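Visitor: Input my_file_14.txt, format and content: compact mmCIF, C-alpha atoms.
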```txt
# COMPACT_ATOMS: atom_id res chain seq x y z
CA MET A 12 -0.14 21.12 21.88
CA ALA A 13 1.66 19.47 18.95
CA GLN A 14 -0.47 17.83 16.26
CA LYS A 15 -0.63 14.03 16.65
CA VAL A 16 0.26 11.96 13.59
CA LEU A 17 -0.31 8.21 13.72
CA LEU A 18 2.04 6.04 11.69
CA VAL A 19 0.75 3.00 9.82
CA ASP A 20 3.32 0.43 8.73
CA THR A 21 2.76 -1.72 5.63
CA THR A 22 6.16 -3.44 5.46
CA LEU A 23 4.44 -6.79 5.98
CA ARG A 24 1.91 -6.10 3.21
CA ASP A 25 3.19 -3.66 0.55
CA GLY A 26 6.70 -4.90 1.27
CA SER A 27 5.54 -8.38 0.33
CA HIS A 28 5.48 -7.31 -3.35
CA ALA A 29 9.20 -6.49 -3.29
CA LEU A 30 10.00 -9.83 -1.61
CA ARG A 31 7.77 -11.81 -3.98
CA HIS A 32 5.54 -12.76 -1.05
CA SER A 33 8.24 -14.79 0.67
CA TYR A 34 7.69 -13.79 4.32
CA THR A 35 8.07 -16.53 6.94
CA PRO A 36 6.60 -16.60 10.47
CA ASP A 37 9.94 -15.98 12.17
CA LYS A 38 10.75 -12.90 10.05
CA VAL A 39 7.21 -11.60 10.48
CA GLN A 40 7.61 -11.84 14.23
CA GLU A 41 10.93 -10.01 14.21
CA ILE A 42 9.53 -7.14 12.15
CA ALA A 43 6.18 -6.99 13.97
CA ARG A 44 7.91 -6.93 17.37
CA GLY A 45 10.19 -4.08 16.26
CA LEU A 46 7.27 -2.08 14.89
CA ASP A 47 5.17 -2.64 18.00
CA GLU A 48 8.00 -1.63 20.30
CA GLY A 49 8.65 1.31 17.95
CA GLY A 50 5.19 2.70 18.62
CA VAL A 51 3.52 2.20 15.24
CA GLU A 52 -0.28 2.50 15.46
CA LEU A 53 -1.36 -0.04 12.82
CA ILE A 54 0.73 -2.94 11.50
CA GLU A 55 -0.68 -4.14 8.19
CA LEU A 56 0.00 -7.74 7.17
CA SER A 57 -1.44 -9.49 4.14
CA HIS A 58 -0.45 -10.75 0.74
CA GLY A 59 0.66 -7.70 -1.22
CA ASP A 60 -2.73 -7.61 -2.95
CA GLY A 61 -4.62 -8.11 0.30
CA ILE A 62 -6.07 -11.14 2.04
CA GLY A 63 -6.98 -13.84 -0.44
CA GLY A 64 -4.41 -12.49 -2.91
CA SER A 65 -2.18 -15.58 -3.00
CA SER A 66 -2.92 -16.85 -6.50
CA TYR A 67 -1.52 -17.39 -9.98
CA ASN A 68 -2.52 -13.86 -11.05
CA TYR A 69 -0.94 -12.03 -8.12
CA GLY A 70 1.78 -14.44 -7.02
CA PHE A 71 1.63 -17.21 -4.45
CA SER A 72 2.66 -16.61 -0.84
CA LYS A 73 5.42 -18.78 0.58
CA THR A 74 3.47 -19.04 3.85
CA ASP A 75 -0.30 -18.79 4.23
CA GLU A 76 -1.22 -15.31 5.48
CA ILE A 77 -3.40 -16.70 8.27
CA GLU A 78 -0.33 -18.41 9.69
CA LEU A 79 1.61 -15.16 9.35
CA LEU A 80 -1.15 -13.18 11.06
CA ALA A 81 -1.20 -15.63 13.97
CA ALA A 82 2.59 -15.35 14.28
CA ALA A 83 2.45 -11.55 14.33
CA ASN A 84 -0.42 -11.56 16.81
CA ASP A 85 1.69 -13.59 19.23
CA VAL A 86 4.24 -10.77 19.59
CA ILE A 87 2.18 -7.59 19.16
CA GLU A 88 1.24 -6.05 22.51
CA ARG A 89 0.04 -2.53 21.65
CA ALA A 90 -0.48 -1.91 17.93
CA LYS A 91 -3.54 -2.99 15.96
CA LEU A 92 -2.78 -5.92 13.64
CA THR A 93 -4.36 -4.91 10.34
CA VAL A 94 -5.20 -6.51 7.01
CA LEU A 95 -5.90 -5.10 3.56
CA LEU A 96 -8.94 -6.37 1.67
CA LEU A 97 -9.70 -5.68 -1.99
CA PRO A 98 -13.31 -6.65 -2.74
CA GLY A 99 -13.22 -9.16 -5.58
CA ILE A 100 -9.92 -10.61 -4.32
CA GLY A 101 -10.62 -10.98 -0.60
CA THR A 102 -13.97 -12.04 0.81
CA ILE A 103 -15.86 -11.62 4.05
CA GLU A 104 -14.99 -15.23 4.84
CA ASP A 105 -11.30 -14.34 4.43
CA LEU A 106 -11.87 -11.43 6.81
CA LYS A 107 -13.43 -13.73 9.39
CA ARG A 108 -10.39 -16.01 9.24
CA ALA A 109 -8.09 -12.99 9.60
CA LYS A 110 -10.10 -11.79 12.60
CA ASN A 111 -9.80 -15.21 14.22
CA ALA A 112 -6.03 -15.09 13.65
CA GLY A 113 -5.76 -11.80 15.53
CA ALA A 114 -6.51 -8.99 13.08
CA LYS A 115 -8.09 -6.00 14.81
CA ALA A 116 -8.52 -3.72 11.79
CA VAL A 117 -9.14 -3.95 8.06
CA ARG A 118 -8.53 -1.44 5.31
CA VAL A 119 -11.03 -2.02 2.52
CA ALA A 120 -9.42 -0.88 -0.73
CA THR A 121 -11.20 -0.01 -3.96
CA HIS A 122 -10.37 1.86 -7.13
CA VAL A 123 -10.93 5.57 -6.56
CA THR A 124 -14.26 5.56 -8.43
CA GLU A 125 -15.63 2.31 -6.98
CA ALA A 126 -16.20 2.95 -3.27
CA ASP A 127 -19.67 1.41 -3.53
CA VAL A 128 -18.18 -2.10 -3.68
CA SER A 129 -16.76 -1.62 -0.17
CA ALA A 130 -20.11 -1.23 1.62
CA GLN A 131 -20.71 -4.83 2.64
CA HIS A 132 -17.09 -5.38 3.68
CA ILE A 133 -16.94 -2.27 5.87
CA GLU A 134 -20.28 -3.22 7.43
CA ALA A 135 -19.09 -6.78 8.05
CA ALA A 136 -15.92 -5.49 9.74
CA LYS A 137 -17.89 -3.23 12.05
CA ASN A 138 -20.21 -6.13 12.90
CA MET A 139 -17.08 -8.09 13.89
CA ASP A 140 -16.01 -5.20 16.15
CA MET A 141 -13.03 -4.40 13.90
CA MET A 142 -11.68 -1.00 12.99
CA ALA A 143 -12.61 -0.38 9.33
CA VAL A 144 -10.82 1.99 6.99
CA GLY A 145 -12.00 3.15 3.57
CA PHE A 146 -8.99 2.99 1.26
CA LEU A 147 -9.24 4.74 -2.13
CA MET A 148 -6.54 3.65 -4.58
CA MET A 149 -5.10 5.39 -7.66
CA THR A 150 -6.32 8.81 -6.53
CA HIS A 151 -4.45 10.55 -9.35
CA MET A 152 -7.02 9.11 -11.78
CA ALA A 153 -10.04 11.07 -10.52
CA SER A 154 -11.04 14.67 -9.99
CA VAL A 155 -11.09 16.13 -6.50
CA GLU A 156 -14.89 16.30 -6.66
CA THR A 157 -15.11 12.59 -7.50
CA ILE A 158 -12.71 11.64 -4.70
CA VAL A 159 -14.76 13.63 -2.18
CA GLY A 160 -17.94 11.87 -3.31
CA GLU A 161 -16.36 8.44 -2.97
CA ALA A 162 -14.91 9.29 0.46
CA LEU A 163 -18.36 10.38 1.64
CA LYS A 164 -19.74 7.01 0.54
CA MET A 165 -17.17 5.14 2.62
CA GLU A 166 -17.90 7.39 5.59
CA SER A 167 -21.60 6.58 5.25
CA TYR A 168 -20.81 2.84 5.27
CA GLY A 169 -19.18 3.21 8.69
CA ALA A 170 -15.47 3.72 7.92
CA ASP A 171 -13.40 4.94 10.87
CA TYR A 172 -11.12 6.95 8.60
CA ILE A 173 -10.52 7.53 4.89
CA ASN A 174 -7.13 6.74 3.37
CA LEU A 175 -6.14 8.25 0.02
CA ALA A 176 -3.51 6.24 -1.88
CA ASP A 177 -1.16 7.48 -4.57
CA SER A 178 -0.84 3.90 -5.76
CA ALA A 179 1.18 4.81 -8.87
CA GLY A 180 3.48 7.31 -7.18
CA TYR A 181 2.26 9.83 -9.76
CA LEU A 182 1.28 12.80 -7.61
CA LEU A 183 3.41 15.77 -6.61
CA PRO A 184 2.93 17.63 -3.30
CA GLU A 185 0.44 20.17 -4.70
CA GLY A 186 -1.81 17.35 -5.92
CA VAL A 187 -1.65 15.66 -2.52
CA GLU A 188 -2.49 18.92 -0.71
CA GLU A 189 -5.50 19.53 -2.95
CA ARG A 190 -6.94 16.05 -2.41
CA ILE A 191 -6.31 15.81 1.34
CA LYS A 192 -7.69 19.28 2.06
CA ALA A 193 -10.85 18.62 0.05
CA VAL A 194 -11.59 15.28 1.72
CA LYS A 195 -10.67 16.63 5.17
CA GLU A 196 -13.19 19.44 4.74
CA ALA A 197 -15.93 17.08 3.49
CA VAL A 198 -15.86 14.22 6.02
CA LYS A 199 -16.23 14.13 9.79
CA ILE A 200 -13.71 11.32 10.29
CA PRO A 201 -9.89 11.39 10.08
CA VAL A 202 -8.02 11.25 6.77
CA GLY A 203 -4.85 9.35 5.94
CA PHE A 204 -2.40 9.03 3.04
CA HIS A 205 -0.43 6.24 1.37
CA ALA A 206 2.49 7.23 -0.89
CA HIS A 207 4.66 5.45 -3.43
CA ASN A 208 8.11 6.72 -4.27
CA ASN A 209 8.22 6.22 -8.03
CA LEU A 210 9.02 9.90 -8.65
CA GLY A 211 11.17 10.17 -5.51
CA VAL A 212 8.70 12.32 -3.56
CA ALA A 213 6.92 9.86 -1.23
CA ASN A 214 8.21 11.48 1.95
CA ALA A 215 7.61 14.99 0.64
CA ASN A 216 4.09 14.00 -0.40
CA SER A 217 3.45 12.47 3.01
CA LEU A 218 4.61 15.67 4.74
CA ALA A 219 2.33 17.66 2.43
CA ALA A 220 -0.53 15.37 3.50
CA VAL A 221 0.19 16.02 7.19
CA LYS A 222 0.36 19.77 6.66
CA SER A 223 -2.99 19.53 4.85
CA GLY A 224 -4.68 17.76 7.77
CA ALA A 225 -3.96 14.04 7.39
CA THR A 226 -3.50 12.28 10.73
CA TYR A 227 -2.70 8.73 9.53
CA ILE A 228 0.37 8.25 7.33
CA ASP A 229 1.49 4.97 5.77
CA GLY A 230 5.09 3.96 5.38
CA THR A 231 7.41 0.96 5.25
CA LEU A 232 10.76 0.27 6.84
CA ARG A 233 13.52 1.04 4.35
CA GLY A 234 10.71 2.06 2.00
CA LEU A 235 10.19 -1.62 1.12
CA GLY A 236 7.25 -1.89 -1.25
CA ALA A 237 5.94 -2.16 -4.79
CA GLY A 238 7.71 -0.14 -7.48
CA ALA A 239 10.29 2.18 -5.93
CA GLY A 240 8.66 1.51 -2.57
CA ASN A 241 6.78 3.66 -0.11
CA CYS A 242 7.30 6.56 2.22
CA GLN A 243 10.32 5.37 4.24
CA LEU A 244 8.86 5.03 7.71
CA GLU A 245 11.93 5.53 9.86
CA VAL A 246 12.94 8.56 7.78
CA PHE A 247 9.46 10.03 8.02
CA ALA A 248 9.41 9.47 11.78
CA GLY A 249 12.59 11.56 11.95
CA ILE A 250 11.10 14.25 9.72
CA LEU A 251 8.01 14.51 11.91
CA GLN A 252 10.15 14.68 15.04
CA ARG A 253 12.20 17.48 13.48
CA GLU A 254 8.98 19.31 12.54
CA GLY A 255 7.61 19.08 16.07
CA TYR A 256 4.75 16.61 15.47
CA GLU A 257 3.77 14.06 18.13
CA THR A 258 3.90 10.45 16.86
CA GLY A 259 4.44 8.36 19.98
CA THR A 260 7.15 6.43 18.14
CA ASP A 261 10.65 5.38 19.18
CA PHE A 262 12.74 6.80 16.34
CA TYR A 263 15.83 4.72 17.18
CA LYS A 264 13.82 1.48 17.45
CA LEU A 265 12.34 2.01 13.99
CA MET A 266 15.78 2.78 12.59
CA ASP A 267 17.27 -0.35 14.16
CA THR A 268 14.46 -2.61 12.95
CA ALA A 269 14.87 -1.24 9.43
CA GLU A 270 18.64 -1.69 9.39
CA ASP A 271 19.07 -4.90 11.33
CA ILE A 272 16.04 -6.91 10.20
CA VAL A 273 14.47 -5.54 7.01
CA GLN A 274 17.52 -4.45 5.03
CA PRO A 275 19.23 -7.89 5.06
CA MET A 276 16.03 -9.43 3.63
CA MET A 277 15.76 -7.11 0.63
CA LEU A 278 16.17 -8.67 -2.81
CA ARG A 279 17.33 -5.38 -4.36
CA PRO A 280 17.95 -1.82 -3.22
CA GLN A 281 14.68 0.16 -2.97
CA VAL A 282 15.63 2.85 -5.46
CA VAL A 283 13.99 4.83 -8.24
CA ASP A 284 15.27 2.80 -11.19
CA ASN A 285 14.05 3.13 -14.76
CA GLY A 286 11.10 0.79 -14.31
CA SER A 287 9.92 2.46 -11.12
CA LEU A 288 10.36 5.90 -12.65
CA MET A 289 8.14 4.90 -15.55
CA LEU A 290 5.45 3.68 -13.15
CA GLY A 291 5.21 7.16 -11.67
CA TYR A 292 5.63 8.95 -14.97
CA ALA A 293 2.91 6.92 -16.73
CA GLY A 294 0.63 6.60 -13.69
CA VAL A 295 0.71 2.79 -13.49
CA TYR A 296 -0.20 0.76 -10.38
CA SER A 297 3.04 0.13 -8.46
CA SER A 298 2.52 -3.59 -7.86
CA PHE A 299 2.59 -4.16 -11.64
CA LEU A 300 6.37 -3.67 -11.81
CA LEU A 301 7.66 -7.20 -11.17
CA HIS A 302 4.94 -8.62 -13.41
CA VAL A 303 6.06 -6.20 -16.15
CA TYR A 304 9.68 -7.29 -15.76
CA ASP A 305 8.62 -10.93 -16.15
CA ALA A 306 6.57 -10.13 -19.27
CA ALA A 307 9.39 -8.06 -20.77
CA LYS A 308 11.81 -10.94 -20.31
CA LYS A 309 9.34 -13.43 -21.80
CA TYR A 310 8.79 -11.38 -24.97
CA ASP A 311 12.18 -9.64 -25.17
CA LEU A 312 10.69 -6.16 -24.76
CA ASP A 313 11.78 -2.98 -23.04
CA PRO A 314 9.70 -2.88 -19.82
CA ARG A 315 9.31 0.87 -20.27
CA ASP A 316 7.33 0.29 -23.45
CA ILE A 317 4.95 -2.04 -21.61
CA LEU A 318 4.50 0.48 -18.80
CA VAL A 319 3.71 3.31 -21.20
CA GLU A 320 1.09 1.14 -22.90
CA LEU A 321 -0.44 0.15 -19.55
CA GLY A 322 -0.65 3.83 -18.65
CA LYS A 323 -2.34 4.66 -21.95
CA ARG A 324 -4.92 1.93 -21.30
CA LYS A 325 -5.48 3.18 -17.73
CA MET A 326 -4.97 -0.29 -16.24
CA VAL A 327 -5.75 -0.51 -12.53
CA GLY A 328 -5.10 -2.87 -9.62
CA GLY A 329 -6.65 -6.27 -10.23
CA GLN A 330 -5.76 -6.33 -13.92
CA GLU A 331 -2.35 -7.98 -13.51
CA ASP A 332 -3.44 -10.79 -15.82
CA MET A 333 -3.66 -8.26 -18.67
CA ILE A 334 0.05 -7.44 -18.53
CA ILE A 335 0.99 -10.56 -20.50
CA ASP A 336 -1.70 -9.76 -23.09
CA VAL A 337 -0.37 -6.23 -23.52
CA ALA A 338 3.20 -7.49 -23.85
CA TYR A 339 2.14 -10.07 -26.44
CA GLN A 340 0.29 -7.42 -28.46
CA LEU A 341 3.29 -5.09 -28.34
CA LYS A 342 5.57 -7.88 -29.56
CA GLN A 343 3.18 -8.70 -32.39
CA SER A 344 3.01 -5.06 -33.47
CA GLN A 345 6.80 -4.77 -33.44
CA SER A 346 7.14 -7.87 -35.60
CA LYS A 347 5.00 -6.51 -38.42
```
In structure tokens, how does this file's structure come out?

Guide:
Amino acid sequence: MAQKVLLVDTTLRDGSHALRHSYTPDKVQEIARGLDEGGVELIELSHGDGIGGSSYNYGFSKTDEIELLAAANDVIERAKLTVLLLPGIGTIEDLKRAKNAGAKAVRVATHVTEADVSAQHIEAAKNMDMMAVGFLMMTHMASVETIVGEALKMESYGADYINLADSAGYLLPEGVEERIKAVKEAVKIPVGFHAHNNLGVANANSLAAVKSGATYIDGTLRGLGAGAGNCQLEVFAGILQREGYETGTDFYKLMDTAEDIVQPMMLRPQVVDNGSLMLGYAGVYSSFLLHVYDAAKKYDLDPRDILVELGKRKMVGGQEDMIIDVAYQLKQSQSK
């Protein structure tokens, strides 16, 4: 029997970064309907930085995410409507509102060394009869031993599966294999993977994850996401079909939804440009990119210089407010 791989779509969450959080209920419904009919297992919808993320620091959403969740819930018949929650940005009260709007699952995301802050949120989700996922971000920044320890914590809190995220698009396939295999051997629950394409290897990394035992793989239609985007879902569905894996997806439906609905909405081609490349090269959180462009314009700097400095300082998700400070300091140093 062919190995089953379950596809998780984050077009309506990670893709929100690339669209500057401008989703509307009608577009959400078009995309969610296409994904549901296309056989995707989980459809993740939130502000790009998770529920509660609409703010000055992270960018305001055009439409409140609760309204967007309700709109998506109206058209989803099979898939689990899912939200992302970053403790410190989203709260349990936000999760309750998301649940009431139709969310069936939550992925609780922490920095790779901070799984302990997810305990109360995972427990709350399980008490609400929601699927709960432990989501470890920036996994290139920790040793395999550390990642295994953090994954075991999330498993002990009640997570239904562990998702490892290459949030900076820094890893190469060997690094993905090493991390997935180690976590897969350590935990008794499934393992998943979330790739970014800043070095152009998101789909290759995702295939490496599958071959190493991952059974949940994240992607976005047309690769729409922070930085150079994510594993391109419709492409990866085709790759898995070619490789003989069972996904339960309608390859043509995913292709059509990507081409007819998502592509016309895109503000720019989802390519590995200089800024995205530097994210992966320096190991910087992918959602920083548009903030870096804004700071570079404000202070007349090369965005690559800002990204290198952010990488040196090991900035992580949640520190978007520091980008302006770093740019200001760089400008001051150049003026001396």

Visitor: Go through A:Asp25, A:Asp177, A:Glu48, A:Glu331 one by one, measure the shortest atom-to-atom distance of each to Lys264 of chain A using all atoms listed in the file, and give the residue with the smallest value.

Guide: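 Counting all atoms listed in the file, the residue closest to Lys264 of chain A is A:Glu48.
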
Visitor: Find, counting all atoms listed in the file, the residue in A:Ser65, A:Ser217, A:Asn208, A:Gln131 that gets nearest to Arg233 of chain A.

Guide: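 Selected residue with least distance to Arg233 of chain A: A:Asn208.
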
Visitor: Using only C-alpha atoms, list the residues that have an atom at most 8 Å from (6.3, -2.8, -18.5), coordinates as in the file, as JSON, numbers by chain.

Guide: {"A": [286, 299, 300, 302, 303, 304, 306, 307, 313, 314, 315, 316, 317, 318, 319, 320, 321, 334, 338]}

Visitor: Could you give me, as a list in words, the residues that have an atom at most 10 Å away from the point (13.4, -0.8, 9.5) in the coordinates of the file, using only C-alpha atoms?

Guide: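 Collected hits near the coordinates: Thr22, Ile42, Gly45, Leu46, Gly49, Thr231, Leu232, Arg233, Gly234, Leu235, Gln243, Leu244, Glu245, Val246, Tyr263, Lys264, Leu265, Met266, Asp267, Thr268, Ala269, Glu270, Asp271, Ile272, Val273 and Gln274 of chain A.
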
Visitor: Looking at A:Ala81, A:Ala215, A:Val198, A:Leu96, which one is nearest to Gly180 of chain A, with distances taken over all atoms listed in the file?

Guide: A:Ala215

Visitor: Skip Gln343 of chain A itself and residues of its chain fewer than 5 positions away, then list as a ChimeraX atom specification all residues within 12 Å of it, counting only C-alpha atoms.

Guide: /A:310-312,336-338

Visitor: Restrict the selected residues to C-alpha atoms and save them as a PDB file, keeping the file's coordinate frame.

Guide:
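File selection.pdb, as written:
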```pdb
ATOM      1  CA  TYR A 310       8.790 -11.380 -24.970  1.00  0.00           C
ATOM      2  CA  ASP A 311      12.180  -9.640 -25.170  1.00  0.00           C
ATOM      3  CA  LEU A 312      10.690  -6.160 -24.760  1.00  0.00           C
ATOM      4  CA  ASP A 336      -1.700  -9.760 -23.090  1.00  0.00           C
ATOM      5  CA  VAL A 337      -0.370  -6.230 -23.520  1.00  0.00           C
ATOM      6  CA  ALA A 338       3.200  -7.490 -23.850  1.00  0.00           C
TER       7      ALA A 338
END
```

Visitor: Enter the distance from atom CA of Ile228 of chain A to atom CA of Leu18 of chain A, in Å, rounded to one decimal.

Guide: 5.2 Å

Visitor: Rounded to one decimal place, report the atom CA of Leu182 of chain A-atom CA of Val123 of chain A distance in Å.

Guide: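 Distance reported for this atom pair: 14.2 Å.
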
Visitor: Go through A:Lys325, A:Lys115, A:Lys222, A:Arg279 and flag the residue nearest Gly240 of chain A, using only C-alpha atoms for the distances.

Guide: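 Of A:Lys325, A:Lys115, A:Lys222, A:Arg279, the one nearest Gly240 of chain A, counting only C-alpha atoms, is A:Arg279.
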
Visitor: With all atoms listed in the file as the basis for distance, which of A:Asn209, A:Gln340, A:Thr121, A:Asn138 is at the shortest distance from Ile173 of chain A?

Guide: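 Selected residue with least distance to Ile173 of chain A: A:Thr121.
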
Visitor: Can you pull out every residue within 10 Å of Gln14 of chain A, counting all atoms listed in the file, but drop anything in the same chain fewer than 2 positions away, and send it as a ChimeraX atom specification?

Guide: /A:12,16-17,221-222,224,226,255-258

Visitor: What is the distance, in Å and to one decimal place, between atom CA of Met333 of chain A and atom CA of Val119 of chain A?

Guide: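 It comes out at 23.3 Å.
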
Visitor: Need the shell around Glu104 of chain A: protein/DNA/RNA residues with any atom at most 12 Å away, counting only C-alpha atoms. Skip same-chain ones fewer than 5 positions apart. Format as a PDB file with C-alpha atoms, in the frame of the given file?

Guide:
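Saved as result.pdb:
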```
ATOM      1  CA  ILE A  62      -6.070 -11.140   2.040  1.00  0.00           C
ATOM      2  CA  GLY A  63      -6.980 -13.840  -0.440  1.00  0.00           C
ATOM      3  CA  LEU A  96      -8.940  -6.370   1.670  1.00  0.00           C
ATOM      4  CA  PRO A  98     -13.310  -6.650  -2.740  1.00  0.00           C
ATOM      5  CA  ALA A 109      -8.090 -12.990   9.600  1.00  0.00           C
ATOM      6  CA  LYS A 110     -10.100 -11.790  12.600  1.00  0.00           C
ATOM      7  CA  ASN A 111      -9.800 -15.210  14.220  1.00  0.00           C
ATOM      8  CA  HIS A 132     -17.090  -5.380   3.680  1.00  0.00           C
ATOM      9  CA  ALA A 135     -19.090  -6.780   8.050  1.00  0.00           C
ATOM     10  CA  ALA A 136     -15.920  -5.490   9.740  1.00  0.00           C
ATOM     11  CA  MET A 139     -17.080  -8.090  13.890  1.00  0.00           C
TER      12      MET A 139
END
```

Visitor: Restricting the calculation to all atoms listed in the file: of A:Met289, A:Leu218, A:Ala116, A:Val282, which residue gets closest to Gln252 of chain A?

Guide: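 Result for the nearest residue to Gln252 of chain A: A:Leu218.
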